[in-house]
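Okay, work04.csv is below, CSV, C-alpha atoms:
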chain,number,residue,atom,x,y,z
A,409,LYS,CA,-27.9,283.9,31.0
A,410,ASN,CA,-29.7,281.3,33.2
A,411,GLN,CA,-27.2,278.8,34.7
A,412,VAL,CA,-27.3,276.0,37.2
A,413,GLU,CA,-24.0,274.8,38.6
A,414,GLN,CA,-23.7,271.6,40.6
A,415,SER,CA,-20.9,270.3,42.8
A,416,PRO,CA,-19.2,268.0,43.2
A,417,GLN,CA,-19.2,266.5,39.7
A,418,SER,CA,-18.9,263.0,41.2
A,419,LEU,CA,-18.8,261.5,44.6
A,420,ILE,CA,-18.0,258.1,46.1
A,421,ILE,CA,-19.2,257.2,49.6
A,422,LEU,CA,-19.5,254.1,51.6
A,423,GLU,CA,-22.9,252.5,52.2
A,424,GLY,CA,-24.6,253.8,55.3
A,425,LYS,CA,-22.8,257.2,55.1
A,426,ASN,CA,-24.4,260.6,54.6
A,427,CYS,CA,-23.6,263.0,51.8
A,428,THR,CA,-24.6,266.5,50.6
A,429,LEU,CA,-24.9,267.7,47.1
A,430,GLN,CA,-24.8,271.4,46.1
A,431,CYS,CA,-26.6,273.4,43.5
A,432,ASN,CA,-26.1,277.1,42.8
A,433,TYR,CA,-28.2,278.9,40.2
A,434,THR,CA,-28.7,282.2,38.4
A,435,VAL,CA,-32.1,281.8,37.0
A,436,SER,CA,-34.6,284.7,36.7
A,437,PRO,CA,-37.4,284.8,37.2
A,438,PHE,CA,-37.4,281.9,39.7
A,439,SER,CA,-40.4,279.6,39.9
A,440,ASN,CA,-39.2,276.5,41.6
A,441,LEU,CA,-36.2,274.2,42.0
A,442,ARG,CA,-36.4,270.4,41.7
A,443,TRP,CA,-33.9,267.6,42.4
A,444,TYR,CA,-34.2,264.7,40.1
A,445,LYS,CA,-32.6,261.2,40.5
A,446,GLN,CA,-31.5,259.6,37.2
A,447,ASP,CA,-30.4,256.0,37.1
A,448,THR,CA,-28.1,255.2,34.2
A,449,GLY,CA,-30.0,254.8,30.9
A,450,ARG,CA,-33.3,255.8,32.5
A,451,GLY,CA,-35.4,258.9,32.7
A,452,PRO,CA,-35.1,261.4,35.6
A,453,VAL,CA,-37.4,260.9,38.6
A,454,SER,CA,-38.4,263.9,40.7
A,455,LEU,CA,-37.3,263.7,44.4
A,456,THR,CA,-38.3,267.1,45.7
A,457,ILE,CA,-39.7,270.4,44.5
A,458,MET,CA,-39.2,273.7,46.3
A,459,THR,CA,-40.7,277.1,45.7
A,460,PHE,CA,-39.4,280.5,46.8
A,461,SER,CA,-40.9,280.4,50.3
A,462,GLU,CA,-39.8,276.9,51.2
A,463,ASN,CA,-36.5,276.4,53.1
A,464,THR,CA,-36.5,272.6,53.7
A,465,LYS,CA,-38.4,269.7,52.2
A,466,SER,CA,-37.9,266.0,53.0
A,467,ASN,CA,-38.7,262.9,51.0
A,468,GLY,CA,-37.7,259.8,53.0
A,469,ARG,CA,-33.9,259.8,53.3
A,470,TYR,CA,-33.6,262.8,51.0
A,471,THR,CA,-33.7,266.4,52.4
A,472,ALA,CA,-33.5,269.4,50.2
A,473,THR,CA,-32.8,272.9,51.3
A,474,LEU,CA,-33.2,276.2,49.5
A,475,ASP,CA,-31.7,279.6,50.2
A,476,ALA,CA,-33.4,281.9,47.8
A,477,ASP,CA,-31.3,284.9,48.9
A,478,THR,CA,-28.0,283.3,48.0
A,479,LYS,CA,-29.6,281.2,45.2
A,480,GLN,CA,-28.3,277.9,46.6
A,481,SER,CA,-29.8,274.6,47.2
A,482,SER,CA,-28.5,271.3,48.7
A,483,LEU,CA,-29.7,267.7,48.7
A,484,HIS,CA,-28.7,265.7,51.8
A,485,ILE,CA,-28.9,261.9,51.6
A,486,THR,CA,-29.0,260.1,54.9
A,487,ALA,CA,-27.9,256.5,55.5
A,488,SER,CA,-27.0,255.9,51.9
A,489,GLN,CA,-27.9,252.7,50.1
A,490,LEU,CA,-26.4,251.0,47.1
A,491,SER,CA,-29.6,251.9,45.2
A,492,ASP,CA,-28.8,255.6,45.7
A,493,SER,CA,-26.0,255.2,43.1
A,494,ALA,CA,-27.3,257.5,40.3
A,495,SER,CA,-26.9,261.0,38.8
A,496,TYR,CA,-28.6,263.7,40.8
A,497,ILE,CA,-29.8,266.7,38.7
A,498,CYS,CA,-30.8,270.1,40.0
A,499,VAL,CA,-33.4,271.7,37.7
A,500,VAL,CA,-34.4,275.3,38.1
A,501,THR,CA,-37.6,276.6,36.5
A,502,GLY,CA,-38.2,280.1,35.4
A,503,TYR,CA,-41.5,281.3,33.9
A,504,SER,CA,-41.8,278.3,31.6
A,505,THR,CA,-38.3,277.1,30.7
A,506,LEU,CA,-36.2,274.5,32.7
A,507,THR,CA,-32.5,275.0,33.2
A,508,PHE,CA,-30.7,271.8,34.0
A,509,GLY,CA,-27.5,271.4,36.0
A,510,LYS,CA,-24.9,268.9,34.8
A,511,GLY,CA,-25.6,266.6,37.7
A,512,THR,CA,-23.6,265.0,40.4
A,513,MET,CA,-22.8,261.3,39.8
A,514,LEU,CA,-23.0,259.5,43.1
A,515,LEU,CA,-21.6,256.0,43.6
A,516,VAL,CA,-22.4,254.2,46.9
A,517,SER,CA,-19.8,251.5,47.6
A,518,PRO,CA,-20.4,248.5,49.7
B,547,ASP,CA,-51.7,255.9,35.7
B,548,THR,CA,-48.8,258.2,36.5
B,549,GLU,CA,-46.4,256.9,33.9
B,550,VAL,CA,-44.9,258.0,30.7
B,551,THR,CA,-44.0,255.1,28.4
B,552,GLN,CA,-41.6,255.1,25.5
B,553,THR,CA,-40.9,252.5,22.8
B,554,PRO,CA,-38.6,251.1,21.8
B,555,LYS,CA,-36.2,250.9,24.7
B,556,HIS,CA,-33.3,250.5,22.3
B,557,LEU,CA,-32.9,251.3,18.6
B,558,VAL,CA,-30.0,250.8,16.3
B,559,MET,CA,-30.3,252.3,12.8
B,560,GLY,CA,-28.2,253.1,9.8
B,561,MET,CA,-27.8,256.6,8.4
B,562,THR,CA,-30.3,255.9,5.6
B,563,ASN,CA,-33.0,254.4,7.7
B,564,LYS,CA,-36.3,255.9,8.7
B,565,LYS,CA,-37.6,255.0,12.2
B,566,SER,CA,-39.9,256.5,14.8
B,567,LEU,CA,-39.8,256.8,18.5
B,568,LYS,CA,-43.1,256.7,20.4
B,569,CYS,CA,-44.2,258.2,23.7
B,570,GLU,CA,-47.5,257.8,25.5
B,571,GLN,CA,-49.1,259.2,28.7
B,572,HIS,CA,-52.6,258.8,30.2
B,573,MET,CA,-52.4,261.4,32.9
B,574,GLY,CA,-54.4,264.0,30.9
B,575,HIS,CA,-51.4,266.2,30.5
B,576,ARG,CA,-51.6,268.8,27.7
B,577,ALA,CA,-47.9,269.5,27.3
B,578,MET,CA,-45.4,267.0,26.0
B,579,TYR,CA,-41.7,267.3,25.3
B,580,TRP,CA,-38.8,265.6,23.5
B,581,TYR,CA,-35.3,265.9,25.0
B,582,LYS,CA,-32.0,264.6,23.8
B,583,GLN,CA,-29.4,263.5,26.4
B,584,LYS,CA,-25.8,262.6,25.7
B,585,ALA,CA,-23.7,260.6,28.1
B,586,LYS,CA,-22.9,262.4,31.3
B,587,LYS,CA,-24.7,265.6,30.1
B,588,PRO,CA,-28.0,267.0,31.2
B,589,PRO,CA,-31.1,266.6,28.9
B,590,GLU,CA,-31.4,269.2,26.1
B,591,LEU,CA,-34.9,270.3,25.1
B,592,MET,CA,-35.7,269.6,21.5
B,593,PHE,CA,-39.5,270.2,21.1
B,594,VAL,CA,-42.5,271.2,23.2
B,595,TYR,CA,-46.1,270.5,22.3
B,596,SER,CA,-48.9,272.3,24.0
B,597,TYR,CA,-52.5,271.2,23.3
B,598,GLU,CA,-51.2,269.0,20.4
B,599,LYS,CA,-49.6,272.0,18.7
B,600,LEU,CA,-45.9,272.5,18.4
B,601,SER,CA,-45.0,275.5,20.6
B,602,ILE,CA,-41.2,275.3,20.8
B,603,ASN,CA,-38.6,274.0,18.4
B,604,GLU,CA,-35.1,274.5,19.8
B,605,SER,CA,-33.5,274.8,16.3
B,606,VAL,CA,-33.5,271.1,15.9
B,607,PRO,CA,-32.3,269.8,12.4
B,608,SER,CA,-35.1,268.7,10.1
B,609,ARG,CA,-33.9,265.1,10.2
B,610,PHE,CA,-35.9,265.0,13.4
B,611,SER,CA,-39.6,265.4,12.8
B,612,PRO,CA,-42.1,265.5,15.8
B,613,GLU,CA,-45.7,264.6,15.5
B,614,CYS,CA,-48.5,264.7,18.1
B,615,PRO,CA,-51.4,262.6,16.8
B,616,ASN,CA,-53.5,263.2,19.9
B,617,SER,CA,-53.2,264.4,23.4
B,618,SER,CA,-51.8,261.1,24.7
B,619,LEU,CA,-49.3,260.4,22.0
B,620,LEU,CA,-46.1,262.0,20.8
B,621,ASN,CA,-43.9,260.6,18.1
B,622,LEU,CA,-40.4,261.5,16.9
B,623,HIS,CA,-39.7,260.5,13.3
B,624,LEU,CA,-36.1,260.0,12.4
B,625,HIS,CA,-34.6,260.1,8.9
B,626,ALA,CA,-31.0,260.4,7.6
B,627,LEU,CA,-29.5,260.6,11.0
B,628,GLN,CA,-25.8,261.1,11.8
B,629,PRO,CA,-23.7,259.0,14.2
B,630,GLU,CA,-23.5,262.1,16.5
B,631,ASP,CA,-27.3,261.8,16.9
B,632,SER,CA,-26.7,258.7,19.0
B,633,ALA,CA,-28.1,259.5,22.5
B,634,LEU,CA,-30.8,258.8,25.0
B,635,TYR,CA,-34.1,260.4,23.8
B,636,LEU,CA,-36.4,261.3,26.6
B,637,CYS,CA,-40.1,262.1,26.4
B,638,ALA,CA,-41.8,264.1,29.2
B,639,SER,CA,-45.3,265.4,29.9
B,640,SER,CA,-46.8,268.0,32.2
B,641,GLN,CA,-50.2,269.4,32.9
B,642,GLY,CA,-49.3,272.6,31.2
B,643,THR,CA,-46.2,274.4,30.1
B,644,SER,CA,-46.0,276.7,33.1
B,645,GLY,CA,-42.9,276.2,35.2
B,646,ARG,CA,-45.2,275.3,38.2
B,647,ASN,CA,-46.1,272.1,36.5
B,648,GLU,CA,-43.8,269.1,37.1
B,649,GLN,CA,-42.5,267.3,34.1
B,650,PHE,CA,-42.8,263.5,34.3
B,651,PHE,CA,-40.1,261.7,32.3
B,652,GLY,CA,-40.3,258.5,30.5
B,653,PRO,CA,-37.5,255.9,30.7
B,654,GLY,CA,-36.1,256.9,27.4
B,655,THR,CA,-35.1,255.3,24.1
B,656,ARG,CA,-31.4,254.6,23.7
B,657,LEU,CA,-30.6,255.4,20.0
B,658,THR,CA,-27.5,254.2,18.2
B,659,VAL,CA,-26.8,255.5,14.7
B,660,LEU,CA,-24.3,253.5,12.7

As structure tokens, the full file:
Amino acid sequence: KNQVEQSPQSLIILEGKNCTLQCNYTVSPFSNLRWYKQDTGRGPVSLTIMTFSENTKSNGRYTATLDADTKQSSLHITASQLSDSASYICVVTGYSTLTFGKGTMLLVSP
Amino acid sequence: DTEVTQTPKHLVMGMTNKKSLKCEQHMGHRAMYWYKQKAKKPPELMFVYSYEKLSINESVPSRFSPECPNSSLLNLHLHALQPEDSALYLCASSQGTSGRNEQFFGPGTRLTVL
């Protein structure tokens, strides 16, 4: 069964600090992995997309890594801002279906 | 235009009402999706339309009725809903249904069923 597990479930950090979110998956076949940011009551917005051959991809203060051998991905947020407070969802795509993780709820505190 | 729009933003309805949710995109995408998202849960796929034809129905109750009038529009008709149907309803679109295509999400409609 395709599954995506994210950790931690929730996280509180001080503004300006860095943090790393984890995603483990068992999805086969594997097409790509995306990290989405979802503000409360809004639709998810794509941050990064990674395919099998990519190890690292950055988008501003967001850096995603992928280890296709261990089926793990991480999302590192640098110099956090209050606006980073949101749910971060890891989504793994097989041939055509998307498997969503439950998300990590991040709260950046002043 | 790289946006998926949804109307209304909020909807409150009784269990005997009939209402519709609307979704629109002008990116030339040929695949459109409806998702249901409960609080603190990931989105759950409801329906997939590909080239204006329903290709996937994830065993959704018949009180939800999707409609794709043209390649830019996707509706979700609601009738005789239950309180447990209260959720955020997300529309998404992509160039095609292949997993290589990114899905772009709309802002959602927050539905409350009384």

Contact residues around segment 466-475 of chain A with all atoms listed in the file at 12 Å, ignoring same-chain residues under 6 positions, as an NGL selection string: :A and (424-433 or 440-445 or 454-460 or 481-489 or 492 or 496 or 498 or 500)

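The space between atom CA of Gly509 of chain A and atom CA of Ser601 of chain B spans 23.7 Å.
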
Give me, as JSON lines, each residue of chain A that comes within 8 Å of chain B, together with its shortest interatomic pair and the distance in Å at one decimal, counting all atoms listed in the file, with rows ordered by chain and rising residue number.
{"residue": "A:Ser439", "atom": "CA", "partner": "B:Gly645", "partner_atom": "CA", "distance": 6.3}
{"residue": "A:Asn440", "atom": "CA", "partner": "B:Arg646", "partner_atom": "CA", "distance": 7.0}
{"residue": "A:Gly449", "atom": "CA", "partner": "B:Leu634", "partner_atom": "CA", "distance": 7.2}
{"residue": "A:Arg450", "atom": "CA", "partner": "B:Pro653", "partner_atom": "CA", "distance": 4.6}
{"residue": "A:Gly451", "atom": "CA", "partner": "B:Pro653", "partner_atom": "CA", "distance": 4.2}
{"residue": "A:Pro452", "atom": "CA", "partner": "B:Phe651", "partner_atom": "CA", "distance": 6.0}
{"residue": "A:Val453", "atom": "CA", "partner": "B:Phe651", "partner_atom": "CA", "distance": 6.9}
{"residue": "A:Ser454", "atom": "CA", "partner": "B:Phe650", "partner_atom": "CA", "distance": 7.8}
{"residue": "A:Ile497", "atom": "CA", "partner": "B:Pro588", "partner_atom": "CA", "distance": 7.7}
{"residue": "A:Thr501", "atom": "CA", "partner": "B:Gly645", "partner_atom": "CA", "distance": 5.5}
{"residue": "A:Gly502", "atom": "CA", "partner": "B:Gly645", "partner_atom": "CA", "distance": 6.1}
{"residue": "A:Tyr503", "atom": "CA", "partner": "B:Gly645", "partner_atom": "CA", "distance": 5.4}
{"residue": "A:Ser504", "atom": "CA", "partner": "B:Gly645", "partner_atom": "CA", "distance": 4.3}
{"residue": "A:Thr505", "atom": "CA", "partner": "B:Gly645", "partner_atom": "CA", "distance": 6.5}
{"residue": "A:Leu506", "atom": "CA", "partner": "B:Gly645", "partner_atom": "CA", "distance": 7.4}
{"residue": "A:Phe508", "atom": "CA", "partner": "B:Pro588", "partner_atom": "CA", "distance": 6.2}
{"residue": "A:Gly509", "atom": "CA", "partner": "B:Pro588", "partner_atom": "CA", "distance": 6.5}
{"residue": "A:Lys510", "atom": "CA", "partner": "B:Pro588", "partner_atom": "CA", "distance": 5.1}
{"residue": "A:Gly511", "atom": "CA", "partner": "B:Pro588", "partner_atom": "CA", "distance": 6.9}

Selected residue, from B:Thr551, B:Ser617, B:Ser566, B:Ser608, that lies nearest to Gln641 of chain B when counting only C-alpha atoms: B:Ser617

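If you look at atom CA of Tyr595 of chain B and atom CA of Glu413 of chain A, they are 27.8 Å away from each other.
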
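With atom CA of Lys599 of chain B on one side and atom CA of Leu557 of chain B on the other, the separation reads 26.6 Å.
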
Spatial neighbours of segment 610-614 of chain B, 10 Å, only C-alpha atoms, chain gap at least 5 places, as a ChimeraX atom specification: /B:566-569,578-580,592-600,603,619-627,631

Who sits within 9 Å of Lys409 of chain A, all atoms listed in the file, same chain under 3 positions skipped, as a ChimeraX atom specification: /A:434-436

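Nearest residue to Pro629 of chain B among B:Thr658, B:Gln552, B:Lys584, B:Thr562 is B:Thr658, counting only C-alpha atoms.
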